[in-house]
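Asker: One file: input_22.txt (compact mmCIF, C-alpha atoms).
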```txt
# COMPACT_ATOMS: atom_id res chain seq x y z
CA MET A 1010 162.21 20.08 -6.67
CA ASN A 1011 165.69 18.78 -7.42
CA ASN A 1012 166.21 15.19 -6.18
CA ASN A 1013 169.99 15.15 -6.56
CA LYS A 1014 171.69 13.64 -3.51
CA LEU A 1015 173.88 15.98 -1.50
CA PRO A 1016 177.45 14.64 -1.56
CA ALA A 1017 179.15 14.60 1.87
CA ILE A 1018 182.50 13.15 0.79
CA CYS A 1019 184.88 14.62 -1.78
CA PRO A 1020 184.91 12.38 -4.88
CA SER A 1021 188.54 13.34 -5.49
CA CYS A 1022 190.32 12.94 -2.14
CA GLU A 1023 187.49 11.39 -0.01
CA HIS A 1024 187.71 14.07 2.69
CA ASP A 1025 184.59 15.70 4.21
CA LEU A 1026 182.94 18.38 2.08
CA LYS A 1027 181.87 21.77 3.48
CA VAL A 1028 179.06 24.07 2.32
CA ALA A 1029 180.58 27.10 0.51
CA GLN A 1030 177.47 28.72 -0.92
CA LEU A 1031 173.74 28.91 -0.17
CA LYS A 1032 171.33 30.37 -2.70
CA CYS A 1033 167.75 31.60 -2.45
CA SER A 1034 165.75 29.93 -5.21
CA HIS A 1035 163.23 32.81 -5.18
CA CYS A 1036 165.42 35.94 -5.59
CA ASP A 1037 168.81 34.36 -6.47
CA THR A 1038 170.54 35.94 -3.45
CA SER A 1039 173.72 33.99 -2.60
CA VAL A 1040 175.42 33.62 0.77
CA ASN A 1041 179.06 32.57 0.68
CA GLY A 1042 181.02 31.17 3.61
CA ASN A 1043 182.41 28.02 5.10
CA PHE A 1044 179.66 26.03 6.79
CA ALA A 1045 179.95 22.50 8.14
CA LEU A 1046 177.36 19.95 7.00
CA PRO A 1047 174.87 19.00 9.73
CA LEU A 1048 175.54 15.56 11.27
CA PHE A 1049 172.50 13.94 9.64
CA LEU A 1050 173.67 15.00 6.19
CA GLN A 1051 177.12 13.55 6.80
CA LEU A 1052 175.59 10.09 7.05
CA THR A 1053 175.35 7.85 3.99
CA PRO A 1054 172.00 7.80 2.13
CA LYS A 1055 171.45 4.26 3.48
CA GLU A 1056 171.99 5.45 7.06
CA GLN A 1057 169.66 8.42 6.54
CA GLU A 1058 167.03 6.04 5.21
CA PHE A 1059 167.52 3.80 8.27
CA ILE A 1060 166.90 6.74 10.62
CA LEU A 1061 163.71 7.69 8.76
CA ASP A 1062 162.47 4.07 8.81
CA PHE A 1063 163.30 3.84 12.51
CA PHE A 1064 161.35 7.03 13.17
CA LEU A 1065 158.37 5.87 11.07
CA ALA A 1066 158.36 2.53 12.92
CA SER A 1067 158.02 4.49 16.20
CA GLY A 1068 161.50 3.40 17.24
CA SER A 1069 160.61 -0.29 17.18
CA LEU A 1070 163.44 -2.42 15.81
CA LYS A 1071 161.13 -5.45 15.75
CA GLU A 1072 158.65 -3.64 13.55
CA MET A 1073 161.44 -2.44 11.27
CA ALA A 1074 162.76 -5.99 10.96
CA ALA A 1075 159.29 -7.27 10.05
CA GLN A 1076 158.82 -4.50 7.45
CA GLN A 1077 162.22 -5.15 5.84
CA GLY A 1078 161.98 -8.96 5.92
CA ILE A 1079 165.12 -9.36 8.02
CA SER A 1080 165.69 -10.51 11.60
CA TYR A 1081 165.87 -8.44 14.78
CA PRO A 1082 169.65 -9.06 15.35
CA THR A 1083 170.40 -7.83 11.80
CA VAL A 1084 168.54 -4.54 12.37
CA ARG A 1085 170.12 -4.17 15.83
CA ASN A 1086 173.58 -4.69 14.28
CA GLN A 1087 172.85 -2.01 11.65
CA LEU A 1088 171.83 0.37 14.45
CA ASP A 1089 174.97 -0.43 16.47
CA ASP A 1090 177.18 0.17 13.42
CA MET A 1091 175.43 3.48 12.82
CA ILE A 1092 175.87 4.57 16.44
CA ALA A 1093 179.60 3.78 16.12
CA HIS A 1094 179.75 5.81 12.88
CA ILE A 1095 177.92 8.81 14.44
CA ASN A 1096 180.21 8.74 17.48
CA GLN A 1097 183.18 8.75 15.10
CA LEU A 1098 181.74 11.75 13.21
CA LYS A 1099 181.10 13.64 16.46
CA LYS A 1100 184.78 13.43 17.48
CA MET B 1092 169.94 -19.89 -0.71
CA LYS B 1093 171.37 -16.88 1.17
CA LYS B 1094 168.52 -17.14 3.69
CA ILE B 1095 169.03 -20.89 4.18
CA LEU B 1096 172.75 -20.47 4.87
CA ASP B 1097 172.20 -17.58 7.31
CA PRO B 1098 168.70 -18.03 8.78
CA LEU B 1099 169.50 -16.01 11.90
CA ALA B 1100 169.92 -12.89 9.76
CA TYR B 1101 166.57 -13.18 7.99
CA PHE B 1102 163.93 -15.14 9.92
CA PRO B 1103 161.98 -13.89 12.97
CA ASP B 1104 163.37 -15.45 16.17
CA LYS B 1105 160.17 -17.10 17.45
CA LYS B 1106 159.25 -18.59 14.08
CA LEU B 1107 162.82 -19.87 13.74
CA LEU B 1108 162.67 -21.41 17.22
CA LEU B 1109 159.47 -23.26 16.32
CA TYR B 1110 160.97 -24.64 13.08
CA ASN B 1111 164.24 -25.50 14.84
CA SER B 1112 162.40 -27.38 17.61
CA ILE B 1113 160.48 -29.45 15.04
CA ILE B 1114 163.71 -30.14 13.09
CA PHE B 1115 165.42 -31.11 16.37
CA LEU B 1116 162.73 -33.72 17.13
CA ILE B 1117 162.64 -35.11 13.59
CA GLY B 1118 166.45 -35.02 13.32
CA THR B 1119 166.93 -36.79 16.64
CA ALA B 1120 164.42 -39.45 15.57
CA ILE B 1121 166.35 -39.96 12.30
CA ALA B 1122 169.66 -40.10 14.21
CA ALA B 1123 168.23 -42.64 16.69
CA TRP B 1124 166.86 -44.73 13.83
CA MET B 1125 170.26 -44.61 12.09
CA GLN B 1126 171.88 -45.84 15.34
CA VAL B 1127 173.87 -42.65 15.92
CA ASP B 1128 176.02 -42.09 18.97
CA PHE B 1129 176.72 -38.38 19.65
CA SER B 1130 179.62 -38.46 22.10
CA SER B 1131 180.35 -34.70 21.98
CA THR B 1132 179.26 -31.51 20.20
CA ILE B 1133 181.44 -32.41 17.22
CA ASP B 1134 181.39 -36.25 17.17
CA LEU B 1135 179.19 -38.63 15.25
CA HIS B 1136 179.64 -42.39 15.55
CA PHE B 1137 177.40 -45.36 14.82
CA ARG B 1138 176.29 -47.96 17.34
CA ALA B 1139 176.01 -51.69 16.77
CA GLU B 1140 172.49 -51.52 18.28
CA ALA B 1141 169.99 -48.64 18.26
CA ASP B 1142 169.43 -46.81 21.56
CA GLU B 1143 166.79 -44.14 20.98
CA ILE B 1144 166.76 -42.77 24.54
CA ALA B 1145 170.57 -42.43 24.65
CA THR B 1146 170.61 -40.55 21.29
CA LEU B 1147 167.85 -38.19 22.50
CA ILE B 1148 169.64 -37.49 25.82
CA GLN B 1149 172.98 -36.94 24.06
CA ASN B 1150 171.51 -34.53 21.52
CA THR B 1151 169.61 -32.60 24.22
CA ILE B 1152 172.80 -32.25 26.31
CA ILE B 1153 174.73 -31.09 23.24
CA VAL B 1154 172.13 -28.41 22.34
CA ALA B 1155 172.06 -27.20 25.99
CA ILE B 1156 175.87 -26.97 26.16
CA LEU B 1157 176.14 -25.29 22.76
CA THR B 1158 173.51 -22.72 23.77
CA THR B 1159 175.37 -21.98 27.01
CA ILE B 1160 178.81 -21.58 25.43
CA LEU B 1161 177.55 -19.57 22.45
CA TRP B 1162 175.57 -17.21 24.68
CA THR B 1163 178.48 -16.83 27.14
CA ALA B 1164 180.97 -16.06 24.34
CA GLY B 1165 178.43 -13.75 22.66
CA TYR B 1166 177.57 -11.90 25.85
CA THR B 1167 181.29 -11.33 26.57
CA ILE B 1168 181.65 -9.69 23.15
CA ASN B 1169 178.34 -7.84 22.99
CA LYS B 1170 176.04 -7.30 25.97
CA LYS B 1171 173.02 -7.16 23.64
CA THR B 1172 173.42 -10.84 22.67
CA ARG B 1173 170.16 -12.71 23.30
CA LEU B 1174 169.68 -16.23 24.61
CA ILE B 1175 167.03 -17.04 21.97
CA ASP B 1176 169.57 -16.36 19.20
CA ALA B 1177 172.15 -18.62 20.89
CA LEU B 1178 169.52 -21.37 21.22
CA ASN B 1179 168.49 -21.00 17.57
CA LEU B 1180 172.14 -21.15 16.48
CA ALA B 1181 172.77 -24.25 18.62
CA PHE B 1182 169.76 -25.95 17.01
CA MET B 1183 170.88 -24.92 13.52
CA ILE B 1184 174.43 -26.23 13.70
CA ARG B 1185 173.01 -29.66 14.61
CA ILE B 1186 171.09 -29.91 11.31
CA PRO B 1187 174.06 -31.13 9.18
CA TYR B 1188 174.53 -33.95 11.72
CA TYR B 1189 171.02 -35.28 10.99
CA LEU B 1190 171.93 -35.32 7.31
CA MET B 1191 175.25 -37.05 8.12
CA ALA B 1192 173.31 -39.69 10.07
CA LEU B 1193 171.55 -40.70 6.85
CA ILE B 1194 174.75 -42.20 5.45
CA ASN B 1195 174.04 -45.20 7.67
CA CYS B 1196 170.77 -45.88 5.79
CA THR B 1197 172.21 -49.13 4.45
CA GLY B 1198 173.50 -50.12 7.90
CA VAL B 1199 177.13 -50.38 6.73
CA PHE B 1200 178.52 -48.16 9.47
CA SER B 1201 176.68 -49.85 12.34
CA TYR B 1202 177.79 -53.20 10.86
CA MET B 1203 181.38 -51.93 10.98
CA ALA B 1204 180.89 -50.80 14.58
CA SER B 1205 179.96 -54.36 15.56
CA HIS B 1206 182.85 -56.14 13.79
CA ASP B 1207 186.57 -56.24 14.41
CA VAL B 1208 189.00 -54.03 12.49
CA GLN B 1209 190.62 -56.90 10.53
CA THR B 1210 187.29 -58.07 9.07
CA ILE B 1211 186.43 -54.51 8.06
CA ILE B 1212 189.81 -53.94 6.38
CA GLN B 1213 189.80 -57.30 4.56
CA LYS B 1214 186.13 -57.57 3.55
CA GLU B 1215 184.08 -54.41 3.99
CA ILE B 1216 186.41 -51.66 2.79
CA PRO B 1217 187.19 -53.26 -0.63
CA GLN B 1218 183.50 -54.18 -1.16
CA GLN B 1219 182.10 -50.81 -0.12
CA ALA B 1220 184.92 -48.62 -1.48
CA THR B 1221 182.75 -46.41 -3.71
CA PHE B 1222 180.05 -46.00 -1.07
CA LEU B 1223 182.63 -45.14 1.59
CA ALA B 1224 184.35 -42.60 -0.68
CA VAL B 1225 181.04 -40.87 -1.56
CA SER B 1226 179.98 -40.93 2.13
CA SER B 1227 183.29 -39.39 3.22
CA PHE B 1228 182.91 -36.64 0.63
CA PHE B 1229 179.41 -35.76 1.88
CA MET B 1230 180.57 -35.95 5.51
CA LEU B 1231 183.26 -33.40 4.69
CA ILE B 1232 180.75 -31.08 2.98
CA PHE B 1233 178.36 -31.31 5.96
CA PHE B 1234 181.22 -30.71 8.38
CA ILE B 1235 182.21 -27.53 6.49
CA LEU B 1236 178.53 -26.53 6.61
CA VAL B 1237 178.53 -26.84 10.43
CA PHE B 1238 181.38 -24.34 10.72
CA TYR B 1239 179.93 -22.05 8.06
CA LEU B 1240 176.60 -21.88 9.94
CA LEU B 1241 178.45 -21.41 13.22
CA PHE B 1242 180.57 -18.46 12.02
CA LYS B 1243 177.78 -16.77 10.04
CA GLY B 1244 175.26 -17.19 12.87
CA PHE B 1245 177.72 -16.00 15.51
CA LYS B 1246 178.49 -12.89 13.45
CA THR B 1247 174.79 -12.04 13.19
CA MET B 1248 174.11 -12.89 16.84
CA THR B 1249 176.92 -10.73 18.27
CA ASN B 1250 177.87 -8.29 15.48
CA ALA B 1251 181.39 -9.79 15.74
CA LYS B 1252 183.98 -8.01 13.61
CA LYS B 1253 187.37 -8.38 15.19
CA ILE B 1254 189.65 -11.41 15.00
CA THR B 1255 189.61 -11.62 18.83
CA HIS B 1256 185.82 -12.19 18.68
CA TYR B 1257 186.33 -15.26 16.49
CA ILE B 1258 189.16 -16.49 18.70
CA ALA B 1259 186.72 -16.24 21.65
CA LEU B 1260 184.23 -18.30 19.62
CA LEU B 1261 186.81 -21.00 18.81
CA VAL B 1262 188.00 -21.21 22.43
CA SER B 1263 184.40 -21.46 23.68
CA PHE B 1264 183.54 -24.06 21.06
CA TRP B 1265 186.57 -26.12 22.06
CA ALA B 1266 185.54 -25.83 25.74
CA GLY B 1267 182.05 -26.97 24.68
CA ILE B 1268 183.51 -30.09 23.04
CA LEU B 1269 185.35 -31.04 26.25
CA LEU B 1270 182.38 -30.22 28.49
CA SER B 1271 179.93 -32.24 26.38
CA MET B 1272 182.36 -35.17 26.13
CA PHE B 1273 182.74 -35.19 29.91
CA THR B 1274 178.98 -34.76 30.62
CA ILE B 1275 177.87 -37.46 28.17
CA HIS B 1276 180.54 -39.86 29.44
CA LEU B 1277 179.45 -39.15 33.04
CA ILE B 1278 175.78 -39.85 32.27
CA GLU B 1279 176.52 -43.09 30.44
```
In structure tokens, what does this structure look like?

Answerer:
Amino acid sequence: MNNNKLPAICPSCEHDLKVAQLKCSHCDTSVNGNFALPLFLQLTPKEQEFILDFFLASGSLKEMAAQQGISYPTVRNQLDDMIAHINQLKK
Amino acid sequence: MKKILDPLAYFPDKKLLLYNSIIFLIGTAIAAWMQVDFSSTIDLHFRAEADEIATLIQNTIIVAILTTILWTAGYTINKKTRLIDALNLAFMIRIPYYLMALINCTGVFSYMASHDVQTIIQKEIPQQATFLAVSSFFMLIFFILVFYLLFKGFKTMTNAKKITHYIALLVSFWAGILLSMFTIHLIE
């Protein structure tokens, strides 16, 4: 499986990227169009990792803080910043 | 080093509170032994005679006032601000003062506090010039450290980002100075 990270931002002009083509890896069938990236994929890799860690810690910020060796307010601030970013993306 | 200069961002709150409480007791004992007079959240003077109880009461009042003003300012900015973080920050910004107190280890400053200005200018300042210059330098460093810890800790505690958040902190801190000055003066 390819581990390349999916870019969400254009490296040239820094605008949001869209999906233009989807391809079946089994029969090589291609679907062309103009599809928006799902919200989760528009987040930075660090933010995606945070969501996964949050999920794996059963939604406990305290447990996440203990696992990452940082304090509760730091994790809470990261979550607040991410909520602000997601709200901005949703607009 | 990063963790020492911003403990609120790295250490668990309860563990930090335990360490801070121990440091508070040891620090207050050092300050009392060095004949320190804390007349407000920002002041540090030396007494002619040691008064352990007065130093303990002053430092306790200062920590209580700092906790109140930091939590109030923090809560105004961010409703998720916790009292335990404000208490830990109040304890932490007192630490440089315990280090500042040590400059009276030779008793020079309490000696100066018990003598008139003319004697100090004519005799003590020329004799202790190097010591006074080095002490002043360290005092300045520790004073900068107080504000560094205050701003860093407040940022972590409240997730402050805007300039208005820091203005709120400065106004609250200034109010804390006046309130502590008034309270300590009233008690004495």

Asker: Could you list the residues in chain A lying within 8 Å of chain B, using all atoms listed in the file, and format the result as number ranges by chain?

Answerer: A: 1075, 1078-1083, 1086

Asker: Could you name the residues that touch Ala1120 of chain B at 9 Å or less, counting all atoms listed in the file, but leaving out those on the same chain fewer than 3 positions away, as a list in words?

Answerer: Phe1115, Leu1116, Ile1117, Ala1123, Trp1124, Met1125, Glu1143, Thr1146 and Leu1147 of chain B

Asker: Using only C-alpha atoms, can you tell me which of B:Ile1184, B:Ala1139, B:Ile1168, B:Ile1095 comes closest to Val1199 of chain B?

Answerer: B:Ala1139

Asker: Rank A:Lys1014, A:Lys1027, A:His1035, A:Arg1085 by their smallest atom-to-atom distance to Lys1055 of chain A, using all atoms listed in the file, and report the top residue only.

Answerer: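 Closest residue, counting all atoms listed in the file: A:Lys1014.
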
Asker: Record the distance separating atom CA of Gln1126 of chain B and atom CA of Ala1141 of chain B, expressed in Å with one decimal.

Answerer: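 Separation between atom CA of Gln1126 of chain B and atom CA of Ala1141 of chain B: 4.5 Å.
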
Asker: Let me make sure I understand: among B:Ser1131, B:Arg1138, B:Leu1107, B:Thr1167, which one has the smallest atom-to-atom distance to Thr1255 of chain B if we use all atoms listed in the file?

Answerer: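 Closest to Thr1255 of chain B of all the choices is B:Thr1167.
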
Asker: Just checking: using only C-alpha atoms, which residue out of B:Thr1197, B:Asn1179, B:Thr1163, B:Thr1132 ends up closest to Ser1263 of chain B?

Answerer: B:Thr1163
